[in-house]
$ cat start.txt   # compact mmCIF, C-alpha atoms and all ligand atoms
# COMPACT_ATOMS: atom_id res chain seq x y z
CA MET A 27 193.06 -121.76 43.41
CA LYS A 28 191.77 -119.24 45.88
CA LYS A 29 190.00 -120.01 49.10
CA HIS A 30 187.85 -117.24 50.54
CA GLY A 31 187.06 -116.61 54.17
CA ASN A 32 185.10 -114.04 56.14
CA VAL A 33 186.86 -110.98 57.44
CA ILE A 34 185.52 -108.70 60.12
CA VAL A 35 186.08 -105.08 59.20
CA GLU A 36 185.80 -102.35 61.79
CA ALA A 37 184.20 -99.13 60.66
CA THR A 38 183.58 -95.87 62.41
CA GLU A 39 180.69 -93.51 62.14
CA ILE A 40 180.07 -90.02 63.45
CA LYS A 41 177.84 -90.27 66.51
CA LEU A 42 177.86 -86.66 67.56
CA ILE A 43 179.04 -83.30 66.28
CA VAL A 44 179.68 -80.51 68.77
CA CYS A 45 179.73 -76.88 67.68
CA ASN A 46 183.19 -75.38 68.24
CA MET A 47 181.71 -71.96 68.99
CA CYS A 48 178.81 -72.61 71.41
CA ALA A 49 179.64 -76.21 72.42
CA CYS A 50 176.09 -77.38 71.73
CA ASP A 51 175.40 -80.84 70.38
CA ILE A 52 174.41 -80.71 66.72
CA ASP A 53 171.62 -83.18 66.00
CA ILE A 54 172.71 -85.21 63.00
CA THR A 55 170.66 -88.35 63.60
CA SER A 56 166.99 -87.39 63.88
CA HIS A 57 166.96 -85.54 60.57
CA PRO A 58 169.92 -86.91 58.60
CA TYR A 59 168.97 -85.00 55.47
CA VAL A 60 168.68 -81.64 57.20
CA ASP A 61 171.84 -79.61 56.64
CA ASN A 62 172.25 -77.93 60.02
CA HIS A 63 175.98 -77.34 60.34
CA ILE A 64 179.14 -76.51 58.47
CA SER A 65 182.43 -78.38 58.67
CA ILE A 66 185.69 -76.67 57.81
CA GLU A 67 188.93 -78.61 57.54
CA LYS A 68 192.28 -77.16 56.62
CA VAL A 69 195.82 -78.47 56.61
CA TRP A 70 198.11 -75.49 57.02
CA HIS A 71 201.25 -75.78 54.97
CA TYR A 72 204.74 -75.19 56.22
CA GLY A 73 205.61 -71.53 56.47
CA SER A 74 202.04 -70.57 57.38
CA PRO A 75 201.14 -69.21 60.84
CA PHE A 76 199.93 -72.72 61.81
CA ASP A 77 202.83 -74.60 60.21
CA GLY A 78 201.64 -78.13 59.36
CA GLU A 79 198.62 -78.20 61.70
CA LEU A 80 195.28 -79.74 60.73
CA HIS A 81 192.39 -77.55 61.84
CA SER A 82 188.92 -79.11 61.88
CA ILE A 83 186.00 -76.92 62.91
CA ASP A 84 182.25 -77.61 63.06
CA LEU A 85 179.71 -74.84 63.55
CA CYS A 86 175.96 -75.12 64.10
CA SER A 87 173.82 -73.06 61.75
CA ALA A 88 173.17 -70.40 64.45
CA CYS A 89 176.89 -69.90 65.10
CA TYR A 90 177.62 -69.92 61.38
CA ASN A 91 175.11 -67.10 61.06
CA LYS A 92 176.98 -65.20 63.82
CA PHE A 93 180.26 -65.87 61.99
CA LEU A 94 178.78 -64.46 58.79
CA GLN A 95 178.01 -61.22 60.64
CA THR A 96 181.77 -60.77 61.29
CA LEU A 97 182.70 -60.87 57.59
CA MET A 98 183.40 -57.72 55.64
CA ILE A 99 182.50 -59.40 52.33
CA ALA A 100 179.37 -61.54 51.96
CA PRO A 101 179.92 -65.20 51.17
CA ASN A 102 179.59 -66.24 47.58
CA LEU A 103 176.07 -67.67 47.40
CA ASP A 104 175.65 -68.32 43.71
CA GLY A 105 179.14 -68.72 42.30
CA ASP A 106 179.21 -65.15 41.03
CA ARG A 107 182.55 -63.98 42.44
CA GLU A 108 182.51 -60.78 40.42
CA ASN A 109 179.53 -59.27 42.23
CA GLN A 110 180.14 -60.08 45.88
CA LEU A 111 178.91 -57.33 48.16
CA CYS A 112 180.76 -55.66 51.01
CA LEU A 113 178.60 -56.25 54.10
CA ASN A 114 179.40 -52.83 55.55
CA THR A 115 178.57 -50.77 52.49
CA GLY A 116 176.34 -53.07 50.43
CA LYS A 117 178.54 -52.20 47.45
CA PRO A 118 180.52 -54.60 45.25
ZN ZN B 1 176.97 -73.23 67.78
$ encode --input "start.txt" --output "structure tokens"
Amino acid sequence: MKKHGNVIVEATEIKLIVCNMCACDIDITSHPYVDNHISIEKVWHYGSPFDGELHSIDLCSACYNKFLQTLMIAPNLDGDRENQLCLNTGKP
């Protein structure tokens, strides 16, 4: 026989995201379905330059756009990795 009782479970939710580049608050509550930031999370393995560290970065869409301008190769937008363009030359 099993007797059941109520259990209080604590949960957390994200209340605020701050852009790592410009330090602005990223509004995630007023338009929850608007995709206005990017989150990058990486655990660096042993032997890497960041040996075992967890890096978690959030960028607002404006700063992500600035980040894109620093890339030599355009991000893959449609899954076609064969035809990515060099941002400097516009050539594949
Ligand atoms: Zn930003």
$ atom_distance --input "start.txt" --atom1 "atom CA of Asn91 of chain A" --atom2 "atom CA of Glu39 of chain A"
27.0 Å
$ residues_near_ligand --input "start.txt" --ligand "ligand ZN 1 (chain B)" --cutoff "8 Å" --atoms "only C-alpha atoms and all ligand atoms" --output "list in words"
Val44, Cys45, Asn46, Met47, Cys48, Ala49, Cys50, Ile52, Leu85, Cys86, Ser87, Ala88, Cys89 and Tyr90 of chain A
$ atom_distance --input "start.txt" --atom1 "atom CA of Gly73 of chain A" --atom2 "atom CA of Ala100 of chain A"
28.4 Å
$ residues_around --input "start.txt" --residues "Ser82 of chain A" --least-positions-apart "2" --cutoff "8 Å" --atoms "all atoms listed in the file" --output "PDB file with C-alpha atoms, in the coordinates of the input"
ATOM      1  CA  SER A  65     182.430 -78.380  58.670  1.00  0.00           C
ATOM      2  CA  ILE A  66     185.690 -76.670  57.810  1.00  0.00           C
ATOM      3  CA  GLU A  67     188.930 -78.610  57.540  1.00  0.00           C
ATOM      4  CA  LYS A  68     192.280 -77.160  56.620  1.00  0.00           C
ATOM      5  CA  LEU A  80     195.280 -79.740  60.730  1.00  0.00           C
ATOM      6  CA  ASP A  84     182.250 -77.610  63.060  1.00  0.00           C
TER       7      ASP A  84
END
$ atom_distance --input "start.txt" --atom1 "atom CA of His63 of chain A" --atom2 "atom CA of Ile99 of chain A"
20.7 Å
$ closest_residue --input "start.txt" --among "A:Leu103, A:Met27, A:Val33, A:Ile83" --to "Ile64 of chain A" --atoms "all atoms listed in the file"
A:Ile83
$ axis_aligned_box --input "start.txt" --around "segment 74-86 of chain A" --padding-each-side "4 Å" --output "lines of an AutoDock Vina configuration file"
center_x = 189.4
center_y = -74.5
center_z = 60.7
size_x = 34.9
size_y = 18.5
size_z = 14.7
$ residues_around --input "start.txt" --residues "Ile40 of chain A" --least-positions-apart "2" --cutoff "10 Å" --atoms "only C-alpha atoms" --output "PyMOL selection string"
chain A and resi 38+42-43+54-55
